[in-house]
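Undergrad: Pasting coords_18.txt here (compact mmCIF, C-alpha atoms):
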# COMPACT_ATOMS: atom_id res chain seq x y z
CA ARG A 1 -75.97 14.52 25.75
CA TYR A 2 -78.16 17.62 25.47
CA ILE A 3 -77.85 21.29 26.16
CA ALA A 4 -80.90 22.87 27.84
CA HIS A 5 -81.97 26.42 28.59
CA VAL A 6 -84.94 27.55 30.73
CA ALA A 7 -86.57 31.03 30.46
CA ASP A 8 -89.63 32.50 32.22
CA PHE A 9 -92.47 33.91 30.12
CA PRO A 10 -93.62 37.52 30.59
CA PRO A 11 -95.96 38.12 33.55
CA ALA A 12 -98.92 38.07 31.24
CA PHE A 13 -98.22 34.43 30.82
CA ALA A 14 -97.73 33.74 34.46
CA GLY A 15 -96.86 30.20 35.23
CA TRP A 16 -95.42 29.54 31.83
CA ARG A 17 -91.78 28.62 31.23
CA LEU A 18 -89.90 28.01 28.05
CA PHE A 19 -87.61 25.03 27.91
CA ILE A 20 -85.13 24.84 25.00
CA VAL A 21 -83.36 21.48 24.59
CA VAL A 22 -80.79 20.94 21.81
CA PRO A 23 -78.66 17.81 21.20
CA GLU A 24 -75.02 18.63 21.82
CA THR A 25 -73.91 17.16 18.48
CA ALA A 26 -76.29 19.37 16.59
CA LEU A 27 -74.91 22.47 18.28
CA LEU A 28 -71.17 21.58 17.96
CA SER A 29 -71.09 19.84 14.57
CA SER A 30 -70.13 22.98 12.72
CA ALA A 31 -67.35 23.75 15.21
CA ASN A 32 -66.05 20.17 15.06
CA ARG A 33 -66.09 20.25 11.29
CA LEU A 34 -64.18 23.55 11.31
CA LEU A 35 -61.65 22.17 13.81
CA THR A 36 -61.11 19.02 11.74
CA GLU A 37 -60.63 21.00 8.56
CA SER A 38 -58.16 23.30 10.32
CA PHE A 39 -56.18 20.31 11.62
CA VAL A 40 -56.00 18.70 8.19
CA ILE A 41 -54.95 21.97 6.60
CA SER A 42 -52.28 22.42 9.29
CA LEU A 43 -50.91 18.94 8.62
CA ILE A 44 -50.75 19.64 4.90
CA ILE A 45 -48.95 22.95 5.52
CA LEU A 46 -46.52 21.25 7.96
CA ALA A 47 -45.77 18.45 5.49
CA ALA A 48 -45.18 20.96 2.72
CA ALA A 49 -42.91 22.98 5.00
CA VAL A 50 -40.94 19.89 6.01
CA PHE A 51 -40.51 18.87 2.37
CA LEU A 52 -39.48 22.37 1.39
CA VAL A 53 -36.99 22.67 4.26
CA TYR A 54 -35.54 19.22 3.53
CA SER A 55 -35.21 20.05 -0.15
CA LEU A 56 -33.47 23.35 0.60
CA ALA A 57 -31.28 21.74 3.28
CA SER A 58 -30.20 18.93 0.98
CA ARG A 59 -29.29 21.43 -1.69
CA PHE A 60 -27.24 23.41 0.80
CA PHE A 61 -25.87 21.02 3.40
CA GLU A 62 -24.93 18.16 1.03
CA PRO A 63 -22.59 20.40 -1.00
CA VAL A 64 -21.21 21.81 2.27
CA ARG A 65 -20.54 18.27 3.50
CA ARG A 66 -18.75 17.45 0.23
CA LEU A 67 -16.71 20.65 0.50
CA ALA A 68 -15.64 19.60 3.99
CA GLU A 69 -14.70 16.16 2.67
CA ASN A 70 -12.66 17.74 -0.15
CA THR A 71 -10.87 19.87 2.42
CA ARG A 72 -9.88 16.76 4.38
CA MET A 73 -8.66 15.04 1.21
CA ILE A 74 -6.53 18.05 0.24
CA ARG A 75 -5.10 18.26 3.75
CA ALA A 76 -4.12 14.59 3.48
CA PHE A 77 -2.65 15.16 -0.03
CA ARG A 78 -5.14 12.65 -1.50
CA PHE A 79 -5.78 14.87 -4.50
CA GLU A 80 -7.16 12.11 -6.69
CA GLU A 81 -10.18 11.82 -4.36
CA VAL A 82 -11.15 15.50 -4.65
CA ARG A 83 -14.28 15.92 -6.77
CA PRO A 84 -15.93 19.15 -8.02
CA VAL A 85 -19.04 20.20 -6.07
CA ARG A 86 -22.08 21.45 -7.99
CA SER A 87 -24.50 23.87 -6.33
CA ARG A 88 -26.90 26.70 -7.19
CA PHE A 89 -25.62 28.73 -4.25
CA LEU A 90 -23.01 31.25 -5.39
CA GLU A 91 -21.19 31.08 -2.05
CA ILE A 92 -20.71 27.32 -2.37
CA GLN A 93 -19.54 27.74 -5.97
CA ASP A 94 -16.93 30.25 -4.81
CA MET A 95 -15.72 27.91 -2.05
CA ASP A 96 -15.49 25.01 -4.51
CA GLU A 97 -13.43 27.08 -6.96
CA SER A 98 -11.11 28.14 -4.13
CA LEU A 99 -10.57 24.55 -2.99
CA LEU A 100 -9.86 23.35 -6.53
CA GLY A 101 -7.40 26.22 -6.92
CA MET A 102 -5.73 25.16 -3.65
CA LYS A 103 -5.51 21.59 -4.94
CA GLN A 104 -3.75 22.71 -8.13
CA GLY A 105 -1.41 24.91 -6.14
CA LEU A 106 -0.43 22.07 -3.81
CA LEU A 107 0.03 19.74 -6.77
CA ALA A 108 2.50 22.23 -8.20
CA PHE A 109 4.09 22.65 -4.76
CA GLU A 110 4.51 18.88 -4.52
CA ARG A 111 6.65 18.91 -7.67
CA PHE A 112 9.28 20.96 -5.87
CA VAL A 113 8.97 19.80 -2.25
CA PRO A 114 8.77 16.18 -1.01
CA LYS A 115 5.19 15.16 -0.32
CA GLU A 116 5.94 14.15 3.27
CA LEU A 117 7.66 17.47 3.95
CA ALA A 118 4.78 19.47 2.49
CA HIS A 119 2.35 17.46 4.61
CA GLN A 120 4.40 18.13 7.74
CA LEU A 121 4.51 21.85 6.98
CA ILE A 122 0.74 22.02 6.56
CA GLU A 123 0.07 19.96 9.70
CA SER A 124 2.43 21.99 11.87
CA GLY A 125 1.52 25.39 10.49
CA ALA A 126 5.14 26.41 11.11
CA GLU A 127 6.89 29.05 9.07
CA VAL A 128 9.40 27.70 6.55
CA THR A 129 12.87 28.98 7.43
CA PRO A 130 16.42 27.92 6.52
CA GLY A 131 17.74 25.15 8.74
CA GLY A 132 18.95 21.59 8.77
CA GLU A 133 19.76 18.50 10.80
CA VAL A 134 22.10 15.52 10.51
CA ARG A 135 20.39 12.38 9.23
CA GLU A 136 21.58 8.97 8.05
CA LEU A 137 20.82 9.16 4.32
CA THR A 138 21.12 6.84 1.37
CA ILE A 139 22.12 9.07 -1.53
CA PHE A 140 21.22 8.18 -5.11
CA LEU A 141 22.73 9.83 -8.19
CA SER A 142 22.07 9.18 -11.84
CA GLY A 143 23.80 10.91 -14.74
CA MET A 144 23.86 10.47 -18.50
CA SER A 145 27.02 9.23 -20.19
CA GLY A 146 28.06 11.31 -23.18
CA PHE A 147 25.94 14.33 -22.31
CA SER A 148 28.46 16.77 -23.82
CA SER A 149 28.26 14.96 -27.15
CA LEU A 150 24.46 15.06 -26.98
CA CYS A 151 24.54 18.85 -26.48
CA ARG A 152 26.79 19.24 -29.51
CA SER A 153 24.69 16.95 -31.70
CA LEU A 154 21.16 18.23 -30.99
CA PRO A 155 19.45 21.61 -31.04
CA PRO A 156 18.38 22.98 -27.62
CA GLU A 157 14.83 21.67 -27.91
CA GLY A 158 16.16 18.20 -28.72
CA VAL A 159 18.43 18.20 -25.67
CA VAL A 160 15.53 19.27 -23.47
CA GLU A 161 13.31 16.57 -24.97
CA VAL A 162 15.83 13.79 -24.29
CA LEU A 163 16.52 15.01 -20.74
CA THR A 164 12.83 15.45 -19.93
CA GLU A 165 12.04 11.92 -21.04
CA ARG A 166 14.96 10.49 -19.02
CA PHE A 167 14.12 12.57 -15.93
CA GLU A 168 10.41 11.72 -16.14
CA GLN A 169 11.17 8.01 -16.33
CA GLN A 170 13.60 8.01 -13.42
CA THR A 171 11.47 10.33 -11.27
CA ARG A 172 8.49 7.97 -11.44
CA ILE A 173 10.69 5.06 -10.36
CA ILE A 174 12.31 6.99 -7.48
CA LEU A 175 8.97 8.24 -6.15
CA ARG A 176 7.49 4.75 -6.42
CA GLU A 177 10.31 3.59 -4.12
CA ARG A 178 9.41 6.48 -1.73
CA GLY A 179 12.60 8.38 -2.41
CA THR A 180 12.91 12.13 -1.86
CA LEU A 181 13.71 13.90 -5.10
CA ASP A 182 16.39 16.48 -4.41
CA LYS A 183 17.34 18.21 -7.65
CA PHE A 184 18.04 18.02 -11.37
CA LEU A 185 21.51 19.34 -12.14
CA ILE A 186 22.58 19.38 -15.78
CA ASP A 187 22.15 15.68 -16.71
CA THR A 188 22.02 14.37 -13.13
CA VAL A 189 19.12 13.31 -10.91
CA MET A 190 19.82 13.43 -7.17
CA ALA A 191 17.56 11.74 -4.64
CA PHE A 192 17.88 10.32 -1.16
CA TRP A 193 16.15 8.09 1.37
CA GLY A 194 15.98 8.84 5.12
CA ALA A 195 14.47 12.36 5.17
CA PRO A 196 12.07 13.97 5.78
CA VAL A 197 10.72 10.55 6.79
CA ALA A 198 13.24 8.18 8.38
CA MET A 199 13.31 4.67 6.91
CA ASP A 200 15.37 1.57 7.59
CA ASP A 201 15.34 0.12 4.07
CA GLY A 202 16.74 3.11 2.17
CA PRO A 203 19.72 1.22 0.64
CA GLU A 204 17.48 -1.56 -0.63
CA ARG A 205 15.00 0.89 -2.15
CA ALA A 206 17.80 2.88 -3.79
CA CYS A 207 19.31 -0.28 -5.33
CA ARG A 208 15.92 -1.41 -6.60
CA ALA A 209 15.37 2.02 -8.12
CA ALA A 210 18.73 1.95 -9.90
CA LEU A 211 18.10 -1.52 -11.36
CA THR A 212 14.59 -0.54 -12.47
CA CYS A 213 15.93 2.62 -14.15
CA LEU A 214 18.56 0.51 -15.89
CA ARG A 215 15.93 -1.91 -17.22
CA ALA A 216 13.65 0.94 -18.27
CA GLU A 217 16.34 2.27 -20.60
CA THR A 218 16.01 -0.83 -22.77
CA SER A 219 12.26 -0.29 -23.36
CA PRO A 220 10.99 1.13 -26.70
CA ILE A 221 11.42 4.89 -27.02
CA PRO A 222 8.96 6.91 -29.15
CA ASN A 223 11.23 9.95 -28.98
CA ARG A 224 12.44 11.08 -32.40
CA ASN A 225 15.83 11.56 -30.76
CA ARG A 226 15.83 7.97 -29.52
CA ARG A 227 19.39 7.40 -30.80
CA TYR A 228 20.59 9.89 -28.20
CA ALA A 229 18.04 8.84 -25.59
CA ARG A 230 19.82 5.46 -25.58
CA SER A 231 22.86 7.10 -23.97
CA PRO A 232 23.44 4.96 -20.88
CA SER A 233 22.89 6.30 -17.40
CA LEU A 234 25.49 5.85 -14.67
CA PHE A 235 24.34 5.39 -11.08
CA ALA A 236 25.93 5.79 -7.66
CA ILE A 237 24.55 4.83 -4.24
CA HIS A 238 26.16 5.70 -0.93
CA THR A 239 24.99 5.75 2.69
CA GLY A 240 26.23 8.01 5.48
CA PRO A 241 25.42 11.00 7.71
CA ALA A 242 24.55 14.22 5.90
CA ILE A 243 23.01 17.60 6.67
CA VAL A 244 19.49 17.77 5.28
CA GLY A 245 16.97 20.58 5.47
CA ASN A 246 15.89 23.88 3.95
CA ILE A 247 19.16 25.21 2.56
CA GLY A 248 19.30 28.67 1.00
CA SER A 249 18.19 32.19 1.82
CA ALA A 250 15.11 33.38 3.66
CA SER A 251 13.39 34.19 0.36
CA ARG A 252 14.58 31.24 -1.72
CA MET A 253 15.50 27.83 -0.40
CA ASN A 254 15.65 24.19 -1.38
CA TYR A 255 15.06 21.05 0.66
CA THR A 256 18.34 19.30 -0.01
CA ALA A 257 21.23 17.32 1.47
CA ILE A 258 24.81 18.54 1.75
CA GLY A 259 28.04 17.31 3.30
CA GLU A 260 31.05 15.08 2.78
CA ASN A 261 29.02 11.95 2.04
CA VAL A 262 26.98 13.77 -0.60
CA GLU A 263 30.21 14.90 -2.24
CA PHE A 264 31.55 11.35 -2.15
CA ALA A 265 28.40 10.06 -3.88
CA TRP A 266 29.00 12.54 -6.71
CA LYS A 267 32.55 11.28 -7.15
CA LEU A 268 31.33 7.70 -6.98
CA LYS A 269 29.06 8.38 -9.96
CA GLN A 270 32.04 9.66 -11.95
CA LEU A 271 34.08 6.56 -11.10
CA ASN A 272 31.65 4.50 -13.21
CA ARG A 273 33.39 5.88 -16.28
CA LEU A 274 36.77 4.77 -14.99
CA TYR A 275 35.70 1.21 -14.16
CA GLY A 276 33.28 0.80 -17.06
CA THR A 277 30.40 0.05 -14.68
CA ARG A 278 26.78 1.25 -14.67
CA ILE A 279 25.92 1.11 -10.95
CA LEU A 280 28.54 1.62 -8.25
CA VAL A 281 27.57 1.13 -4.60
CA SER A 282 29.75 1.94 -1.62
CA GLY A 283 30.46 -0.67 1.04
CA ALA A 284 28.56 1.46 3.56
CA ALA A 285 25.36 1.22 1.49
CA ARG A 286 25.86 -2.49 0.74
CA GLN A 287 26.61 -3.81 4.22
CA GLU A 288 22.98 -4.28 5.35
CA ILE A 289 21.65 -5.70 2.07
CA VAL A 290 24.45 -8.07 1.07
CA ASP A 291 22.16 -11.08 0.72
CA ARG A 292 19.43 -9.29 -1.32
CA PHE A 293 21.43 -8.50 -4.47
CA TRP A 294 24.24 -9.89 -6.61
CA TRP A 295 27.49 -7.90 -6.33
CA ARG A 296 30.97 -7.68 -7.75
CA MET A 297 33.70 -6.07 -5.66
CA VAL A 298 35.31 -3.68 -8.14
CA ASP A 299 38.05 -2.09 -6.05
CA VAL A 300 39.12 -0.97 -2.59
CA LEU A 301 40.27 2.63 -2.32
CA PRO A 302 42.36 3.79 0.63
CA LEU A 303 41.56 6.98 2.54
CA GLU A 304 44.96 7.61 4.06
CA ASP A 305 44.03 10.50 6.35
CA LEU A 306 41.18 8.52 7.88
CA ASP A 307 43.18 5.27 8.08
CA MET A 308 40.40 3.35 6.35
CA GLU A 309 39.42 1.91 3.00
CA ILE A 310 36.36 2.36 0.84
CA GLU A 311 35.03 -0.74 -0.86
CA LEU A 312 33.40 -0.23 -4.25
CA PHE A 313 30.86 -2.73 -5.54
CA GLU A 314 29.10 -3.08 -8.84
CA LEU A 315 25.38 -3.80 -8.40
CA ILE A 316 24.51 -6.67 -10.75
CA GLU A 317 20.91 -7.77 -10.07
CA GLN A 318 18.43 -8.78 -7.37
CA ARG A 319 18.99 -12.16 -5.72
CA SER A 320 15.54 -13.28 -6.79
CA LEU A 321 16.92 -13.49 -10.36
CA PRO A 322 19.64 -16.13 -10.93
CA LEU A 323 22.96 -15.20 -12.50
CA THR A 324 24.22 -16.87 -15.64
CA ALA A 325 27.10 -19.32 -15.23
CA ASP A 326 29.33 -16.99 -17.24
CA MET A 327 28.58 -14.06 -14.92
CA GLU A 328 29.19 -16.17 -11.82
CA ASP A 329 32.57 -17.26 -13.16
CA PHE A 330 33.46 -13.71 -14.15
CA ILE A 331 32.67 -12.34 -10.68
CA LYS A 332 34.60 -15.15 -9.00
CA ASP A 333 37.67 -14.72 -11.21
CA TYR A 334 37.66 -10.92 -11.02
CA GLU A 335 37.45 -10.86 -7.21
CA ALA A 336 40.24 -13.48 -7.04
CA GLY A 337 42.39 -11.28 -9.26
CA LEU A 338 41.57 -8.22 -7.13
CA ALA A 339 42.69 -10.14 -4.02
CA HIS A 340 46.04 -10.82 -5.73
CA VAL A 341 46.40 -7.12 -6.56
CA ARG A 342 45.65 -6.08 -2.99
CA ALA A 343 48.26 -8.56 -1.76
CA ASN A 344 50.84 -7.25 -4.28
CA GLU A 345 50.89 -10.65 -5.98
CA TRP A 346 51.45 -9.11 -9.38
CA ASP A 347 52.25 -12.19 -11.43
CA ALA A 348 49.18 -14.08 -10.18
CA GLY A 349 47.03 -10.99 -10.72
CA THR A 350 48.42 -10.48 -14.23
CA ALA A 351 47.57 -14.08 -15.15
CA VAL A 352 43.97 -13.69 -13.95
CA PHE A 353 43.29 -10.38 -15.66
CA GLU A 354 45.02 -11.38 -18.89
CA SER A 355 42.66 -14.33 -19.05
CA LEU A 356 39.66 -12.13 -18.27
CA SER A 357 40.71 -9.55 -20.86
CA ARG A 358 40.47 -12.26 -23.54
CA THR A 359 36.96 -13.34 -22.50
CA HIS A 360 35.70 -9.86 -21.54
CA PRO A 361 37.65 -7.40 -23.70
CA GLU A 362 34.94 -4.72 -23.31
CA ASP A 363 35.15 -4.58 -19.50
CA GLY A 364 36.88 -1.39 -18.38
CA SER A 365 37.64 -2.60 -14.86
CA VAL A 366 39.50 -5.65 -16.18
CA ALA A 367 41.68 -3.46 -18.41
CA LEU A 368 42.26 -1.12 -15.47
CA MET A 369 43.37 -3.92 -13.14
CA LEU A 370 45.58 -5.47 -15.78
CA HIS A 371 47.31 -2.14 -16.22
CA ARG A 372 47.67 -1.89 -12.47
CA CYS A 373 49.35 -5.29 -12.34
CA GLN A 374 51.68 -4.44 -15.19
CA THR A 375 52.76 -1.16 -13.53
CA ARG A 376 52.97 -2.74 -10.05
CA ASP A 377 50.76 0.01 -8.62
CA ALA A 378 49.90 -1.06 -5.07
CA GLN A 379 47.65 1.94 -4.32
CA ARG A 380 45.41 2.82 -7.21
CA CYS A 381 45.38 3.04 -10.95
CA PRO A 382 47.74 5.81 -12.06
CA GLU A 383 44.92 7.49 -13.99
CA ILE A 384 43.36 8.63 -10.68
CA GLY A 385 46.32 9.01 -8.34
CA PRO A 386 46.32 8.28 -4.61
CA VAL A 387 43.24 9.16 -2.60
CA LYS A 388 43.77 11.05 0.64
CA ASP A 389 40.20 11.87 1.60
CA ALA A 390 36.78 11.98 0.03
CA SER A 391 37.19 15.55 -1.19
CA ASP A 392 40.28 14.51 -3.19
CA PHE A 393 38.12 12.75 -5.78
CA GLU A 394 37.21 15.92 -7.61
CA GLY A 395 40.75 17.02 -8.34
CA ASN A 396 41.81 13.57 -9.55
CA LEU A 397 38.86 13.18 -11.89
Could I get this file's structure written as structure tokens?
TA:
Amino acid sequence: RYIAHVADFPPAFAGWRLFIVVPETALLSSANRLLTESFVISLIILAAAVFLVYSLASRFFEPVRRLAENTRMIRAFRFEEVRPVRSRFLEIQDMDESLLGMKQGLLAFERFVPKELAHQLIESGAEVTPGGEVRELTIFLSGMSGFSSLCRSLPPEGVVEVLTERFEQQTRIILRERGTLDKFLIDTVMAFWGAPVAMDDGPERACRAALTCLRAETSPIPNRNRRYARSPSLFAIHTGPAIVGNIGSASRMNYTAIGENVEFAWKLKQLNRLYGTRILVSGAARQEIVDRFWWRMVDVLPLEDLDMEIELFELIEQRSLPLTADMEDFIKDYEAGLAHVRANEWDAGTAVFESLSRTHPEDGSVALMLHRCQTRDAQRCPEIGPVKDASDFEGNL
């Protein structure tokens, strides 16, 4: 391809014409070279821009994505999955510090409020106000035997050390069984199952927790006050309707359970001292888990005003662990003797419990029943007096 141009000569050269013919490539080579160079330079600039934008975006958006992930983990109370976010952007550093501060605040909040309740409050966004509802609860109580003697024998820091170690041990076990920790009162731990999350296996979990706490007390204790830390704990488990919710004032409240059945559980814990038992379970808590644990019926207490009786059972062990032959015989003989007492068959009952007192002289319930047979007391042991209703326990103890 060529480019041509024709021009006439001046008149003096009449008849002459100038023809200029140039190959197209020769004329456009410089322009093509310039265009090619511009295109290559543009590609280089574009690639550099893309790399720069990607580098800046990764430095900005990746930390933002991790901040969003941390937010989701905190909202779900999965604090162990929250990781610090590093960034050169001051704004992202400030957001990361705020989220980590929120995590620590919620961790502290979780020590006072059940995890499920705190999660519900955050999800709902509702204001926390006093209020409650009736729920079927399994109530768990644990107290230290001989706490008054411990307070007299140790300085304040020693008492706190022993209690802290005991509370820490039992709290871990209760939370592992998904119990709701209610309060620490003097030497007592109170917990319950059934709120804020309803569950069908509360009695079983409470019994497992009590047995695990009992076994944990036999483990080595590094505490320098270990002689006092060996003081046995006494446990009580009872199931029944109770009011549960945020109880208190508008400015200060506690998520707790109150009511007649809570009061009865407290009295049940105290009855351990009378019967010489470690774990007492009411018949209401036992009825759905009879075949999962070994039991001994300790006594049957009448509630005259309600025209009913309360069965008291000692929790021995899980059914997965076999009983010794001696324990099986003891349970069988004791319950046979208790049946004689309930039927006012005093001579037969005396014979059974006299025999048991020789083979188990340390058992408080045997001594109690033997005394009951000897005094012909058809209601209760005279040390407690007759029971009229659940609230009568406090006065008699």
Undergrad: Work out how far apart CA of Leu368 (chain A) and CA of Leu274 (chain A) are and give it in Å to one decimal.
TA: 8.1 Å
Undergrad: Enter the distance from CA of Glu177 (chain A) to CA of Leu141 (chain A), in Å, rounded to one decimal.
TA: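 Separation of CA of Glu177 (chain A) and CA of Leu141 (chain A): 14.5 Å.
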Undergrad: Between A:Tyr255, A:Tyr275, A:Phe264, A:Phe147, which has the minimum distance to Glu362 (chain A) (counting all atoms listed in the file)?
TA: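 Among A:Tyr255, A:Tyr275, A:Phe264, A:Phe147, it is A:Tyr275 that comes nearest to Glu362 (chain A).
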Undergrad: For CA of Arg376 (chain A) and CA of Val341 (chain A), quote the distance in Å rounded to one decimal.
TA: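 These atoms are spaced 8.6 Å apart.
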Undergrad: May I have the residues within 9 Å of region 93-102 of chain A as a ChimeraX atom specification, using all atoms listed in the file and disregarding those fewer than 3 positions away in the same chain?
TA: /A:67,70-71,74,82-90,105-107
Undergrad: Could N, CA and C atoms be built for region 42-58 of chain A and written out as an mmCIF file, in the frame of the given file?
TA:
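Below you can see part_6.cif, which holds the result:
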data_model
loop_
_atom_site.group_PDB
_atom_site.id
_atom_site.type_symbol
_atom_site.label_atom_id
_atom_site.label_comp_id
_atom_site.auth_asym_id
_atom_site.auth_seq_id
_atom_site.Cartn_x
_atom_site.Cartn_y
_atom_site.Cartn_z
ATOM 1 N N SER A 42 -53.544 22.212 8.585
ATOM 2 C CA SER A 42 -52.280 22.420 9.290
ATOM 3 C C SER A 42 -51.288 21.301 8.983
ATOM 4 N N LEU A 43 -51.794 20.061 8.955
ATOM 5 C CA LEU A 43 -50.910 18.940 8.620
ATOM 6 C C LEU A 43 -50.350 19.066 7.207
ATOM 7 N N ILE A 44 -51.194 19.477 6.295
ATOM 8 C CA ILE A 44 -50.750 19.640 4.900
ATOM 9 C C ILE A 44 -49.669 20.723 4.824
ATOM 10 N N ILE A 45 -49.929 21.859 5.530
ATOM 11 C CA ILE A 45 -48.950 22.950 5.520
ATOM 12 C C ILE A 45 -47.635 22.496 6.157
ATOM 13 N N LEU A 46 -47.727 21.731 7.280
ATOM 14 C CA LEU A 46 -46.520 21.250 7.960
ATOM 15 C C LEU A 46 -45.732 20.299 7.060
ATOM 16 N N ALA A 47 -46.456 19.390 6.378
ATOM 17 C CA ALA A 47 -45.770 18.450 5.490
ATOM 18 C C ALA A 47 -45.077 19.183 4.343
ATOM 19 N N ALA A 48 -45.774 20.172 3.804
ATOM 20 C CA ALA A 48 -45.180 20.960 2.720
ATOM 21 C C ALA A 48 -43.946 21.712 3.207
ATOM 22 N N ALA A 49 -44.048 22.243 4.440
ATOM 23 C CA ALA A 49 -42.910 22.980 5.000
ATOM 24 C C ALA A 49 -41.718 22.057 5.231
ATOM 25 N N VAL A 50 -42.025 20.852 5.773
ATOM 26 C CA VAL A 50 -40.940 19.890 6.010
ATOM 27 C C VAL A 50 -40.275 19.505 4.693
ATOM 28 N N PHE A 51 -41.063 19.237 3.678
ATOM 29 C CA PHE A 51 -40.510 18.870 2.370
ATOM 30 C C PHE A 51 -39.672 19.994 1.792
ATOM 31 N N LEU A 52 -40.193 21.225 1.918
ATOM 32 C CA LEU A 52 -39.480 22.370 1.390
ATOM 33 C C LEU A 52 -38.155 22.593 2.132
ATOM 34 N N VAL A 53 -38.205 22.492 3.473
ATOM 35 C CA VAL A 53 -36.990 22.670 4.260
ATOM 36 C C VAL A 53 -35.974 21.580 3.950
ATOM 37 N N TYR A 54 -36.451 20.333 3.839
ATOM 38 C CA TYR A 54 -35.540 19.220 3.530
ATOM 39 C C TYR A 54 -34.906 19.405 2.157
ATOM 40 N N SER A 55 -35.724 19.850 1.194
ATOM 41 C CA SER A 55 -35.210 20.050 -0.150
ATOM 42 C C SER A 55 -34.131 21.146 -0.159
ATOM 43 N N LEU A 56 -34.445 22.267 0.529
ATOM 44 C CA LEU A 56 -33.470 23.350 0.600
ATOM 45 C C LEU A 56 -32.211 22.923 1.369
ATOM 46 N N ALA A 57 -32.420 22.180 2.470
ATOM 47 C CA ALA A 57 -31.280 21.740 3.280
ATOM 48 C C ALA A 57 -30.386 20.789 2.503
ATOM 49 N N SER A 58 -31.010 19.864 1.750
ATOM 50 C CA SER A 58 -30.200 18.930 0.980
ATOM 51 C C SER A 58 -29.409 19.641 -0.101
#
